[in-house]
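Structure file data14.txt; described as compact mmCIF, C-alpha atoms.
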# COMPACT_ATOMS: atom_id res chain seq x y z
CA MET Z 15 22.02 -13.37 0.00
CA ARG Z 16 21.38 -13.28 3.74
CA TYR Z 17 18.02 -12.71 5.44
CA GLU Z 18 18.07 -10.98 8.83
CA ALA Z 19 15.08 -10.28 11.06
CA PRO Z 20 16.48 -8.22 13.94
CA GLN Z 21 14.31 -7.56 16.99
CA THR Z 22 15.67 -4.14 17.88
CA VAL Z 23 16.28 -0.89 16.01
CA GLU Z 24 19.92 -0.90 17.19
CA SER Z 25 20.54 -4.33 15.78
CA ALA Z 26 18.93 -3.35 12.44
CA VAL Z 27 21.13 -0.25 12.28
CA SER Z 28 24.25 -2.26 12.97
CA ILE Z 29 23.44 -4.76 10.19
CA LEU Z 30 22.63 -1.92 7.79
CA SER Z 31 25.84 -0.08 8.70
CA ALA Z 32 27.98 -3.16 8.16
CA THR Z 33 26.88 -3.67 4.54
CA PRO Z 34 25.80 -0.22 3.40
CA ALA Z 35 25.77 -0.79 -0.35
CA GLY Z 36 24.28 -4.25 -0.47
CA CYS Z 37 21.77 -4.07 2.33
CA HIS Z 38 18.07 -3.53 1.70
CA VAL Z 39 15.32 -2.87 4.20
CA LEU Z 40 12.28 -5.12 3.87
CA ALA Z 41 8.95 -3.87 5.18
CA GLY Z 42 6.04 -4.88 2.91
CA GLY Z 43 8.33 -5.98 0.09
CA THR Z 44 5.89 -4.99 -2.65
CA ASP Z 45 8.62 -3.06 -4.46
CA LEU Z 46 11.76 -4.85 -3.24
CA LEU Z 47 10.70 -8.38 -4.18
CA VAL Z 48 9.56 -7.21 -7.61
CA ARG Z 49 12.91 -5.49 -8.20
CA MET Z 50 14.79 -8.58 -7.03
CA ARG Z 51 12.82 -10.78 -9.37
CA ALA Z 52 13.51 -8.46 -12.30
CA GLY Z 53 17.23 -8.56 -11.47
CA MET Z 54 17.19 -4.79 -10.84
CA SER Z 55 18.21 -5.31 -7.24
CA GLU Z 56 20.58 -7.95 -5.91
CA PRO Z 57 20.90 -7.37 -2.19
CA GLU Z 58 23.65 -9.07 -0.19
CA VAL Z 59 21.54 -8.74 2.94
CA ILE Z 60 17.84 -8.15 3.50
CA VAL Z 61 16.87 -6.62 6.83
CA ASP Z 62 13.27 -7.48 7.63
CA ILE Z 63 12.17 -4.79 10.10
CA LYS Z 64 8.80 -6.39 10.89
CA ARG Z 65 10.09 -8.22 13.99
CA ILE Z 66 11.15 -4.98 15.66
CA ALA Z 67 8.85 -3.87 18.48
CA GLY Z 68 6.64 -0.93 17.57
CA MET Z 69 6.90 -1.29 13.81
CA HIS Z 70 3.28 -2.49 13.56
CA GLU Z 71 1.91 0.13 15.97
CA ILE Z 72 -0.26 3.14 15.36
CA SER Z 73 -0.05 5.32 18.46
CA ALA Z 74 -1.47 8.68 19.53
CA GLU Z 75 1.27 11.24 20.15
CA GLU Z 76 0.97 14.97 20.87
CA GLY Z 77 -2.50 15.07 19.34
CA GLY Z 78 -1.24 13.41 16.14
CA TRP Z 79 -0.53 9.85 15.08
CA ARG Z 80 2.71 7.91 14.87
CA ILE Z 81 2.53 5.14 12.30
CA GLY Z 82 5.09 2.34 12.51
CA ALA Z 83 7.11 1.59 9.39
CA ALA Z 84 5.53 -1.86 8.97
CA VAL Z 85 1.89 -0.77 9.26
CA CYS Z 86 0.23 -1.86 6.00
CA GLY Z 87 -2.44 -0.05 4.01
CA ALA Z 88 -5.20 -2.37 5.17
CA GLU Z 89 -4.29 -1.74 8.84
CA LEU Z 90 -4.17 2.03 8.35
CA GLY Z 91 -7.53 1.96 6.58
CA GLU Z 92 -9.08 0.10 9.52
CA HIS Z 93 -7.83 2.68 12.06
CA GLU Z 94 -10.71 5.02 12.88
CA GLY Z 95 -8.56 7.70 14.50
CA VAL Z 96 -6.18 8.11 11.56
CA CYS Z 97 -9.03 7.89 9.03
CA ALA Z 98 -10.89 10.68 10.85
CA ALA Z 99 -7.85 12.95 11.16
CA TRP Z 100 -6.05 12.30 7.86
CA PRO Z 101 -8.51 10.88 5.30
CA GLY Z 102 -6.36 12.17 2.44
CA VAL Z 103 -3.27 10.27 3.58
CA VAL Z 104 -5.30 7.10 4.12
CA GLU Z 105 -7.02 7.30 0.72
CA ALA Z 106 -3.66 7.90 -0.97
CA LEU Z 107 -2.07 4.80 0.59
CA GLU Z 108 -5.19 2.75 -0.12
CA LEU Z 109 -5.02 3.62 -3.83
CA ILE Z 110 -1.83 1.60 -4.17
CA GLY Z 111 -2.25 -1.80 -5.77
CA SER Z 112 -4.73 -4.53 -5.01
CA THR Z 113 -6.27 -5.86 -1.80
CA GLN Z 114 -3.30 -8.26 -1.68
CA VAL Z 115 -0.78 -5.43 -2.00
CA GLN Z 116 -2.67 -3.49 0.69
CA GLY Z 117 -2.00 -6.40 3.05
CA ARG Z 118 1.72 -5.61 2.83
CA ALA Z 119 2.45 -2.14 1.42
CA THR Z 120 3.48 0.59 3.89
CA LEU Z 121 3.75 4.39 4.04
CA ALA Z 122 7.43 4.19 4.93
CA GLY Z 123 8.12 1.78 2.07
CA ASN Z 124 6.28 3.93 -0.44
CA LEU Z 125 8.38 6.88 0.73
CA CYS Z 126 11.74 5.10 0.69
CA ASN Z 127 11.12 3.41 -2.67
CA ALA Z 128 11.36 7.01 -3.91
CA SER Z 129 9.21 6.61 -6.99
CA PRO Z 130 8.20 10.04 -8.32
CA ALA Z 131 4.69 8.61 -8.79
CA ALA Z 132 4.30 7.28 -5.22
CA ASP Z 133 0.69 7.95 -4.25
CA SER Z 134 1.03 8.36 -0.50
CA VAL Z 135 3.96 10.79 -0.68
CA PRO Z 136 2.17 13.93 -1.96
CA ALA Z 137 -0.55 13.28 0.62
CA MET Z 138 2.05 12.95 3.41
CA VAL Z 139 3.87 16.09 2.24
CA ALA Z 140 0.59 18.03 2.18
CA ALA Z 141 -0.06 16.73 5.69
CA GLY Z 142 3.30 18.00 6.91
CA ALA Z 143 4.27 14.46 7.86
CA VAL Z 144 7.64 13.79 9.45
CA ALA Z 145 9.69 10.62 9.06
CA ARG Z 146 11.61 9.32 12.08
CA VAL Z 147 14.92 7.96 10.94
CA ALA Z 148 17.11 5.65 13.02
CA GLY Z 149 20.81 5.42 12.31
CA PRO Z 150 24.25 4.96 13.81
CA ASP Z 151 24.02 8.40 15.49
CA GLY Z 152 20.61 7.78 17.03
CA THR Z 153 17.31 9.04 15.69
CA ARG Z 154 16.46 12.16 13.75
CA ASP Z 155 13.23 13.58 12.37
CA VAL Z 156 13.07 14.54 8.71
CA ALA Z 157 10.25 16.26 6.83
CA VAL Z 158 8.79 13.72 4.42
CA GLN Z 159 9.44 15.98 1.39
CA ASP Z 160 13.17 15.86 2.20
CA VAL Z 161 13.42 12.05 2.10
CA PRO Z 162 13.21 11.37 -1.67
CA THR Z 163 15.83 13.22 -3.70
CA ASP Z 164 15.57 11.70 -7.18
CA PRO Z 165 13.86 8.68 -8.74
CA GLY Z 166 14.88 5.70 -6.58
CA LYS Z 167 17.16 7.85 -4.36
CA THR Z 168 16.69 9.10 -0.80
CA SER Z 169 18.57 11.39 1.56
CA LEU Z 170 18.98 8.56 4.10
CA GLY Z 171 22.59 8.05 5.10
CA ARG Z 172 24.67 4.98 5.79
CA GLY Z 173 22.97 2.61 8.20
CA GLU Z 174 19.78 4.66 8.39
CA PHE Z 175 16.17 3.55 7.96
CA VAL Z 176 12.73 5.02 8.59
CA THR Z 177 11.12 3.61 11.73
CA SER Z 178 7.85 5.56 11.68
CA ILE Z 179 5.89 8.34 10.05
CA PHE Z 180 4.35 11.06 12.22
CA LEU Z 181 1.14 12.77 11.15
CA PRO Z 182 0.75 15.96 13.19
CA ALA Z 183 -2.21 17.03 15.31
CA ARG Z 184 -5.27 17.97 13.34
CA PRO Z 185 -6.83 21.32 14.33
CA GLU Z 186 -10.59 21.97 14.20
CA ARG Z 187 -12.13 22.64 10.78
CA ALA Z 188 -9.27 21.11 8.86
CA SER Z 189 -8.93 18.18 6.50
CA ASP Z 190 -7.10 16.77 3.51
CA ALA Z 191 -7.67 14.89 0.28
CA TYR Z 192 -5.66 13.10 -2.38
CA LEU Z 193 -6.57 12.51 -6.01
CA ARG Z 194 -4.63 10.94 -8.82
CA PHE Z 195 -5.23 10.56 -12.52
CA ILE Z 196 -4.90 7.11 -14.06
CA PRO Z 197 -6.40 5.99 -17.37
CA ARG Z 198 -8.42 3.25 -15.64
CA THR Z 199 -10.31 3.00 -12.36
CA GLU Z 200 -8.01 0.81 -10.25
CA MET Z 201 -4.57 -0.76 -10.01
CA ASP Z 202 -2.41 1.67 -11.93
CA ILE Z 203 0.44 4.13 -11.46
CA ALA Z 204 -0.34 7.82 -11.09
CA VAL Z 205 0.04 9.97 -14.21
CA VAL Z 206 -0.44 12.93 -11.87
CA GLY Z 207 -1.19 12.91 -8.14
CA CYS Z 208 -2.19 15.79 -5.87
CA GLY Z 209 -2.55 16.10 -2.10
CA VAL Z 210 -4.26 19.12 -0.52
CA ASN Z 211 -4.43 19.88 3.19
CA LEU Z 212 -6.51 22.82 4.47
CA GLU Z 213 -7.40 24.64 7.67
CA LEU Z 214 -10.44 26.90 7.87
CA ASP Z 215 -11.45 29.47 10.46
CA ALA Z 216 -14.96 29.71 11.93
CA ASP Z 217 -16.13 31.81 8.94
CA GLY Z 218 -14.87 29.26 6.45
CA THR Z 219 -11.87 31.30 5.36
CA CYS Z 220 -8.82 29.20 4.58
CA THR Z 221 -6.14 30.08 7.09
CA GLN Z 222 -3.50 27.63 5.96
CA ALA Z 223 -2.95 25.22 3.10
CA ARG Z 224 -0.36 22.78 1.87
CA VAL Z 225 -0.48 21.43 -1.66
CA ALA Z 226 1.84 18.76 -3.09
CA LEU Z 227 2.10 17.18 -6.54
CA GLY Z 228 3.37 13.74 -7.51
CA ALA Z 229 4.45 12.19 -10.85
CA VAL Z 230 5.18 15.60 -12.39
CA GLY Z 231 8.86 15.88 -11.48
CA PRO Z 232 11.78 13.72 -10.34
CA LYS Z 233 10.41 13.95 -6.80
CA VAL Z 234 7.32 15.19 -4.98
CA ILE Z 235 6.75 18.97 -5.35
CA LEU Z 236 5.48 21.11 -2.47
CA VAL Z 237 3.76 23.99 -4.28
CA GLU Z 238 4.16 27.11 -2.13
CA ASP Z 239 2.34 29.33 -4.65
CA ALA Z 240 -0.65 27.01 -4.51
CA ALA Z 241 -0.79 27.31 -0.73
CA ALA Z 242 -0.52 31.10 -1.04
CA ALA Z 243 -3.39 31.09 -3.57
CA LEU Z 244 -5.69 29.49 -1.01
CA ALA Z 245 -4.59 31.12 2.24
CA GLY Z 246 -6.89 34.00 3.19
CA SER Z 247 -9.50 33.05 0.60
CA ALA Z 248 -13.00 31.70 1.04
CA LEU Z 249 -11.98 28.88 -1.34
CA ASP Z 250 -14.16 30.52 -3.97
CA ASP Z 251 -13.86 29.96 -7.71
CA ALA Z 252 -11.26 32.69 -8.11
CA ALA Z 253 -9.02 31.16 -5.43
CA LEU Z 254 -9.44 27.68 -6.90
CA GLU Z 255 -8.55 29.09 -10.31
CA ARG Z 256 -5.33 30.58 -8.86
CA LEU Z 257 -4.61 27.24 -7.16
CA ALA Z 258 -5.00 25.37 -10.45
CA ALA Z 259 -2.80 27.84 -12.30
CA ALA Z 260 -0.08 27.62 -9.62
CA CYS Z 261 -0.08 23.81 -9.79
CA SER Z 262 0.03 23.70 -13.59
CA GLN Z 263 2.90 26.18 -13.42
CA ALA Z 264 4.83 24.25 -10.75
CA ALA Z 265 4.51 20.88 -12.48
CA SER Z 266 7.64 19.96 -14.42
CA PRO Z 267 6.79 16.57 -15.87
CA ILE Z 268 8.34 14.54 -18.66
CA ASP Z 269 6.65 13.10 -21.73
CA ASP Z 270 6.28 9.35 -21.44
CA LYS Z 271 3.93 6.57 -22.42
CA ARG Z 272 1.55 7.47 -19.61
CA GLY Z 273 1.12 11.17 -20.39
CA THR Z 274 2.52 14.19 -22.16
CA VAL Z 275 3.99 17.27 -20.53
CA ALA Z 276 1.05 19.45 -21.59
CA PHE Z 277 -1.53 16.93 -20.38
CA ARG Z 278 0.17 16.44 -17.03
CA LYS Z 279 0.52 20.16 -16.38
CA HIS Z 280 -3.15 20.67 -17.16
CA VAL Z 281 -4.27 17.73 -15.04
CA ALA Z 282 -2.14 18.92 -12.10
CA GLY Z 283 -4.34 22.01 -11.95
CA VAL Z 284 -7.58 20.07 -12.40
CA LEU Z 285 -6.74 17.59 -9.65
CA ALA Z 286 -5.60 20.33 -7.26
CA ARG Z 287 -8.91 22.13 -7.66
CA ARG Z 288 -10.94 18.95 -7.16
CA ALA Z 289 -8.87 17.79 -4.18
CA ALA Z 290 -9.18 21.23 -2.59
CA ILE Z 291 -12.98 21.05 -2.88
CA ILE Z 292 -13.02 17.60 -1.26
CA ALA Z 293 -10.69 18.75 1.54
CA ARG Z 294 -12.81 21.89 2.06
CA ASP Z 295 -16.05 19.89 2.30
CA ARG Z 296 -14.41 17.49 4.75
CA ALA Z 297 -13.08 20.39 6.82
CA ARG Z 298 -16.60 21.82 6.96
CA GLY Z 299 -17.91 18.45 8.07
CA GLU Z 300 -19.97 18.14 4.87
CA ALA Z 301 -18.25 15.08 3.47
CA MET Q 16 24.50 -19.71 1.54
CA SER Q 17 22.87 -21.79 4.23
CA ASN Q 18 19.17 -22.39 4.28
CA ILE Q 19 16.89 -20.88 6.88
CA HIS Q 20 14.86 -23.07 9.21
CA VAL Q 21 11.26 -21.89 9.48
CA THR Q 22 8.48 -23.09 11.77
CA THR Q 23 5.05 -21.88 10.82
CA THR Q 24 1.39 -22.90 10.71
CA ILE Q 25 -0.27 -23.72 7.41
CA ASN Q 26 -4.01 -24.41 7.32
CA GLY Q 27 -3.90 -25.14 11.05
CA ASP Q 28 -1.02 -27.62 10.89
CA SER Q 29 2.39 -26.92 12.31
CA VAL Q 30 4.91 -27.06 9.47
CA GLU Q 31 8.69 -26.87 9.38
CA TYR Q 32 10.82 -26.28 6.33
CA LEU Q 33 14.22 -25.13 5.16
CA CYS Q 34 14.33 -22.42 2.52
CA ALA Q 35 16.86 -20.22 0.80
CA PRO Q 36 16.86 -16.56 1.90
CA GLU Q 37 15.62 -15.28 -1.46
CA GLU Q 38 12.94 -17.95 -1.86
CA THR Q 39 9.38 -16.65 -1.92
CA LEU Q 40 6.63 -18.16 0.18
CA LEU Q 41 5.00 -19.24 -3.09
CA ASP Q 42 8.11 -21.21 -4.09
CA VAL Q 43 8.24 -22.79 -0.64
CA LEU Q 44 4.59 -23.84 -0.83
CA ARG Q 45 4.86 -25.27 -4.31
CA ASP Q 46 8.38 -26.66 -4.53
CA ARG Q 47 9.25 -27.60 -0.95
CA LEU Q 48 5.87 -28.50 0.54
CA GLY Q 49 4.15 -29.86 -2.58
CA MET Q 50 1.20 -27.53 -2.10
CA THR Q 51 0.67 -26.62 -5.73
CA GLY Q 52 -2.80 -25.13 -5.36
CA SER Q 53 -1.36 -21.62 -5.20
CA LYS Q 54 -0.31 -20.67 -8.73
CA GLU Q 55 2.37 -18.44 -10.14
CA GLY Q 56 0.93 -16.17 -12.79
CA CYS Q 57 3.15 -13.09 -12.88
CA GLY Q 58 5.45 -13.40 -9.86
CA THR Q 59 5.22 -9.63 -9.34
CA GLY Q 60 2.02 -9.18 -7.34
CA ASP Q 61 -0.16 -8.15 -10.27
CA CYS Q 62 -2.31 -11.22 -10.94
CA GLY Q 63 -3.30 -12.63 -7.52
CA ALA Q 64 -3.06 -16.30 -8.57
CA CYS Q 65 -0.76 -16.93 -5.59
CA SER Q 66 -3.11 -15.37 -3.00
CA VAL Q 67 -2.91 -16.73 0.54
CA THR Q 68 -3.69 -15.22 3.92
CA VAL Q 69 -1.02 -14.50 6.52
CA ASP Q 70 -2.40 -13.93 10.02
CA GLY Q 71 -5.77 -13.44 8.34
CA ARG Q 72 -4.52 -10.78 5.93
CA LEU Q 73 -4.79 -11.41 2.17
CA VAL Q 74 -1.38 -11.21 0.44
CA CYS Q 75 0.40 -12.41 -2.67
CA SER Q 76 2.68 -15.27 -1.64
CA CYS Q 77 5.03 -14.32 -4.51
CA LEU Q 78 5.67 -10.97 -2.77
CA MET Q 79 6.71 -12.50 0.53
CA LEU Q 80 9.82 -14.45 1.45
CA GLY Q 81 9.45 -17.94 2.85
CA ALA Q 82 11.65 -16.83 5.76
CA GLU Q 83 9.09 -14.19 6.73
CA ALA Q 84 6.52 -16.89 7.55
CA GLU Q 85 8.25 -17.82 10.83
CA GLY Q 86 5.59 -18.02 13.57
CA ARG Q 87 2.78 -16.83 11.29
CA GLU Q 88 -0.56 -18.44 10.46
CA ILE Q 89 -0.80 -19.14 6.75
CA ALA Q 90 -3.99 -20.24 5.00
CA THR Q 91 -3.94 -21.57 1.43
CA ILE Q 92 -6.48 -22.97 -1.01
CA GLU Q 93 -5.60 -26.48 0.24
CA GLY Q 94 -7.29 -25.64 3.55
CA MET Q 95 -10.51 -24.37 2.05
CA ALA Q 96 -12.60 -27.53 1.68
CA ALA Q 97 -13.37 -29.55 4.80
CA GLY Q 98 -12.14 -32.94 3.63
CA GLU Q 99 -14.46 -33.96 0.79
CA VAL Q 100 -16.93 -31.18 1.53
CA LEU Q 101 -16.38 -28.16 -0.64
CA HIS Q 102 -16.56 -24.64 0.77
CA PRO Q 103 -19.73 -22.84 -0.43
CA LEU Q 104 -17.55 -20.59 -2.62
CA GLN Q 105 -16.01 -23.62 -4.32
CA ARG Q 106 -19.44 -25.16 -4.87
CA LYS Q 107 -20.85 -21.94 -6.30
CA PHE Q 108 -17.88 -21.56 -8.65
CA LEU Q 109 -18.75 -24.99 -10.07
CA GLU Q 110 -22.48 -24.23 -10.25
CA HIS Q 111 -21.93 -20.91 -12.02
CA ALA Q 112 -19.12 -22.27 -14.22
CA ALA Q 113 -17.00 -19.40 -12.91
CA LEU Q 114 -13.79 -20.79 -14.37
CA GLN Q 115 -12.36 -22.10 -17.58
CA CYS Q 116 -8.64 -22.81 -17.45
CA GLY Q 117 -8.62 -22.58 -13.66
CA ILE Q 118 -5.21 -21.02 -13.08
CA CYS Q 119 -6.68 -17.94 -11.39
CA THR Q 120 -9.34 -19.88 -9.47
CA PRO Q 121 -7.45 -20.82 -6.26
CA GLY Q 122 -6.35 -17.22 -5.81
CA ILE Q 123 -9.82 -15.87 -6.45
CA LEU Q 124 -11.34 -18.36 -3.98
CA VAL Q 125 -8.84 -17.44 -1.26
CA ALA Q 126 -9.43 -13.73 -1.92
CA ALA Q 127 -13.22 -14.10 -1.98
CA LYS Q 128 -13.15 -16.06 1.29
CA ALA Q 129 -11.12 -13.27 2.89
CA LEU Q 130 -13.70 -10.75 1.64
CA LEU Q 131 -16.66 -12.65 3.08
CA GLU Q 132 -14.92 -13.09 6.42
CA LYS Q 133 -14.48 -9.31 6.61
CA ASN Q 134 -17.81 -8.40 5.03
CA PRO Q 135 -20.48 -11.15 4.77
CA ASP Q 136 -22.76 -8.89 2.71
CA PRO Q 137 -20.62 -7.06 0.15
CA SER Q 138 -22.16 -5.11 -2.73
CA GLU Q 139 -21.27 -6.13 -6.25
CA GLU Q 140 -19.09 -3.03 -6.51
CA GLU Q 141 -17.25 -3.86 -3.28
CA THR Q 142 -16.72 -7.40 -4.53
CA ARG Q 143 -15.36 -6.20 -7.86
CA TYR Q 144 -12.93 -3.78 -6.18
CA TRP Q 145 -11.82 -6.38 -3.64
CA LEU Q 146 -11.07 -8.85 -6.45
CA ALA Q 147 -9.43 -6.25 -8.73
CA GLY Q 148 -6.07 -7.82 -7.93
CA ASN Q 149 -7.14 -11.24 -9.21
CA LEU Q 150 -6.78 -11.37 -12.97
CA CYS Q 151 -8.75 -13.86 -15.07
CA ARG Q 152 -8.25 -14.06 -18.81
CA CYS Q 153 -11.07 -16.55 -19.50
CA THR Q 154 -14.33 -15.66 -17.82
CA GLY Q 155 -14.70 -11.92 -18.22
CA TYR Q 156 -15.35 -11.89 -14.44
CA ASP Q 157 -19.16 -11.84 -14.56
CA LYS Q 158 -19.58 -15.46 -13.59
CA VAL Q 159 -16.94 -15.08 -10.89
CA ILE Q 160 -18.81 -12.15 -9.37
CA ARG Q 161 -22.15 -13.95 -9.59
CA ALA Q 162 -20.69 -17.02 -7.90
CA VAL Q 163 -19.24 -14.94 -5.04
CA MET Q 164 -22.50 -13.01 -4.54
CA ASP Q 165 -24.49 -16.25 -4.56
CA ALA Q 166 -22.12 -17.94 -2.10
CA ALA Q 167 -22.30 -14.89 0.16
CA ALA Q 168 -26.11 -15.04 0.15
CA GLU Q 169 -26.09 -18.76 0.96
CA MET Q 170 -23.55 -18.32 3.75
CA ARG Q 171 -25.61 -15.50 5.28
CA GLU Q 172 -28.71 -17.71 5.28
CA ALA Q 173 -26.81 -20.60 6.83
CA SER Q 174 -25.36 -18.50 9.64

Please render this file's structure as C-alpha cells.
Amino acid sequence: MRYEAPQTVESAVSILSATPAGCHVLAGGTDLLVRMRAGMSEPEVIVDIKRIAGMHEISAEEGGWRIGAAVCGAELGEHEGVCAAWPGVVEALELIGSTQVQGRATLAGNLCNASPAADSVPAMVAAGAVARVAGPDGTRDVAVQDVPTDPGKTSLGRGEFVTSIFLPARPERASDAYLRFIPRTEMDIAVVGCGVNLELDADGTCTQARVALGAVGPKVILVEDAAAALAGSALDDAALERLAAACSQAASPIDDKRGTVAFRKHVAGVLARRAAIIARDRARGEA
Amino acid sequence: MSNIHVTTTINGDSVEYLCAPEETLLDVLRDRLGMTGSKEGCGTGDCGACSVTVDGRLVCSCLMLGAEAEGREIATIEGMAAGEVLHPLQRKFLEHAALQCGICTPGILVAAKALLEKNPDPSEEETRYWLAGNLCRCTGYDKVIRAVMDAAAEMREAS
C-alpha cells in the first residue's frame, strides 16, 4: 500500500485517476480504517485529502455555508453560523459515534461511505445540500441524494472525489431537524433516521418542506409525498398525520437484527412527525 | 513498500519515526516508540482505550495512520503527569478507586482531560456523554464519573 497526501485538488485527482480501482480517499478514516482492519478493503493507494487547502474550511457563500470535506463533526458543532442555520444537519452529524469519532468523522465521508443508515445523509438531503465533486474534467455540483446509489456504492466516477458540501441559504422562519431511532441512547447505528426541513410564512403556514428517510432502503429516500403533506398546511395534527402516513408508505426497509420491516415503517412515520414538530418550533424561534 | 518518514510532536517533544503506510498511529506509539500507555482494546474506534489528542482534538489513535501525524501535535497519557507529580485526574482516579484492570484507564484519563480543557465545569450528564466512547468492563462507570467530577471541582478551585 502507498500513502499519498497531495496538497492540491489536481494532484489528488491525478493520483485517484491513475489507480481507479485500488485507490481510496481518506478524510476522517472512521470507516476506511475499520474496513481495512477487517480485511474488507485492501487499498493499493490511500489519498489523504486533509493536506489540501480549503478542506478544513467552513466558509460563507451566497448566504449559505460551504463545508470542506475534511471538516469533522466537532468542528462543525463549534461553528455558530452553521449551527444557527442548519441545526438538523449538525445534530445528525454529531449523533455519529463517540467524542473521539467526532474528532475525525466528516459529512463528506459519511456521504461517500454510502451506508444506507448514515445519519447525516437524510439531514443533508432534507436540507437540499449539494456536493462539489472534483475530477479529471474539473468540478461539478451534485445533489447529495444523487451521490449514494446502493449500499457502499456512489455515483462518483473515475478519479472523482467530494471536496465540499454546500448548505444553501436559509430563509427567514425556516429550520430543520433530524431524529433517529436506536435501541440505546448513544453510540449506535440508526434503525430508522429522518430529516425534516421546513419553511413557514409569516402566518405560520408551511410553504415548503423536504423530508428524507435513512436506514429504510438501500439508499436515502427523499419523500415527495411527505413534503406535499406539509406544504400549505399549518402543520396541524391532520397534516402531521398525513406526513407520518406518507413516510411509513415510502419506507421500504428490510428485516434484520436491528428491526423488522413493520417496525421500521411505523417508526419512519413517528420520527417524521416528531422531527417536523422540532423543525417547526425552531422555525418559529421557539426552540 | 518503503517506509514513510514522519516528523511530529509528541507531548511537546519533537519526534521522528519511520512507519509503514498502513500502520496506525497507535501501532507507531506502542511498537516503534515504546509508548505503551495507549492501549488497543478493539482497534475499530469503539472502545476509546487508544485515545490521544491530535492538535488538541480527542481521537482514537487506532483510527488514524501514523503517516497522518506529520507536523501535528500529539498528546498521549505519557505526557499527563508532570514528572513524578500526577495530574489531578490521575490522583482522583486513585482516590476513588476508579479502575480495576486498568486497560481503559489511560484512554479515559486522556478523554477526561480533553473534556475539562473544553469545559472546566461539566454536568454529570455532559461527562457521561463525553466519555460514552470509553468502554470499561470493570467499574460500572460510577467511580470513573465521580473521580472526573471531583477532579474538575479541585481544578476549578485551584485555578

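Using all atoms listed in the file, the shortest contact distance between chain Z and any of Q:Gly27, Q:Pro135, Q:Gly98, Q:Gly86 is found at Q:Gly86.
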
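Atom pair atom CA of Z:Val104 / atom CA of Z:Ala183: separated by 15.3 Å.
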
8 Å contact set for Q:Ala113, only C-alpha atoms, chain neighbours under 2 positions out, as an mmCIF file with C-alpha atoms, in the coordinates of the input:
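Written output follows (around-v2.cif):
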data_model
loop_
_atom_site.group_PDB
_atom_site.id
_atom_site.type_symbol
_atom_site.label_atom_id
_atom_site.label_comp_id
_atom_site.auth_asym_id
_atom_site.auth_seq_id
_atom_site.Cartn_x
_atom_site.Cartn_y
_atom_site.Cartn_z
ATOM 1 C CA PHE Q 108 -17.880 -21.560 -8.650
ATOM 2 C CA LEU Q 109 -18.750 -24.990 -10.070
ATOM 3 C CA GLU Q 110 -22.480 -24.230 -10.250
ATOM 4 C CA HIS Q 111 -21.930 -20.910 -12.020
ATOM 5 C CA GLN Q 115 -12.360 -22.100 -17.580
ATOM 6 C CA THR Q 154 -14.330 -15.660 -17.820
ATOM 7 C CA TYR Q 156 -15.350 -11.890 -14.440
ATOM 8 C CA LYS Q 158 -19.580 -15.460 -13.590
ATOM 9 C CA VAL Q 159 -16.940 -15.080 -10.890
ATOM 10 C CA ALA Q 162 -20.690 -17.020 -7.900
#

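Residue neighbourhood of Z:Ala119, excluding near-sequence residues (fewer than 4 positions): Ala41, Gly42, Gly43, Thr44, Val85, Cys86, Gly87, Ile110, Val115, Gly123 and Asn124 of chain Z, at 8 Å, using only C-alpha atoms.
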
Which residues of chain Z come within 10 Å of chain Q, and for each one, what is the closest pair of atoms and their distance in Å to one decimal, counting only C-alpha atoms, sorted by chain and residue number, as CSV?
residue,atom,partner,partner_atom,distance
Z:Met15,CA,Q:Pro36,CA,6.4
Z:Arg16,CA,Q:Pro36,CA,5.9
Z:Tyr17,CA,Q:Pro36,CA,5.4
Z:Glu18,CA,Q:Pro36,CA,9.0
Z:Ala19,CA,Q:Glu83,CA,8.4
Z:Leu40,CA,Q:Met79,CA,9.8
Z:Gly42,CA,Q:Met79,CA,8.0
Z:Gly43,CA,Q:Leu78,CA,6.3
Z:Thr44,CA,Q:Leu78,CA,6.0
Z:Asp45,CA,Q:Leu78,CA,8.6
Z:Leu46,CA,Q:Leu78,CA,8.6
Z:Leu47,CA,Q:Leu78,CA,5.8
Z:Val48,CA,Q:Thr59,CA,5.3
Z:Arg49,CA,Q:Thr59,CA,8.8
Z:Met50,CA,Q:Glu37,CA,8.8
Z:Arg51,CA,Q:Thr59,CA,7.7
Z:Ala52,CA,Q:Thr59,CA,8.9
Z:Glu56,CA,Q:Glu37,CA,9.9
Z:Pro57,CA,Q:Glu37,CA,9.5
Z:Val59,CA,Q:Pro36,CA,9.2
Z:Ile60,CA,Q:Pro36,CA,8.6
Z:Asp62,CA,Q:Glu83,CA,8.0
Z:Lys64,CA,Q:Glu83,CA,8.8
Z:Arg65,CA,Q:Glu83,CA,9.5
Z:Ala88,CA,Q:Arg72,CA,8.5
Z:Glu89,CA,Q:Arg72,CA,9.5
Z:Gly111,CA,Q:Gly148,CA,7.4
Z:Ser112,CA,Q:Gly148,CA,4.6
Z:Thr113,CA,Q:Trp145,CA,5.9
Z:Gln114,CA,Q:Val74,CA,4.1
Z:Val115,CA,Q:Val74,CA,6.3
Z:Gln116,CA,Q:Val74,CA,7.8
Z:Gly117,CA,Q:Val74,CA,5.5
Z:Arg118,CA,Q:Val74,CA,6.8
Z:Ala119,CA,Q:Val74,CA,9.9
Z:Thr199,CA,Q:Tyr144,CA,9.5
Z:Glu200,CA,Q:Ala147,CA,7.4
Z:Met201,CA,Q:Ala147,CA,7.4

Report, in Å to a single decimal, how far apart atom CA of Z:Thr22 and atom CA of Z:Gly149 are. 12.2 Å

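Minimum atom-to-atom distance to Z:Arg288, evaluated using only C-alpha atoms, belongs to Z:Gly209 out of Z:Asp269, Z:Val234, Z:Thr177, Z:Gly209.
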
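In this structure, atom CA of Z:Leu170 sits 13.1 Å away from atom CA of Z:Gly152.
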
Which residues are close to Q:Lys128, i.e. within 8 Å by all atoms listed in the file, leaving aside same-chain residues fewer than 4 positions away? Reply as an MDAnalysis selection string. chainID Q and resid 104 124 132

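Minimum distance to Z:Met69 across Z:Phe175, Z:Ala84, Z:Tyr192, Z:Lys167 (counting all atoms listed in the file) occurs at Z:Ala84.
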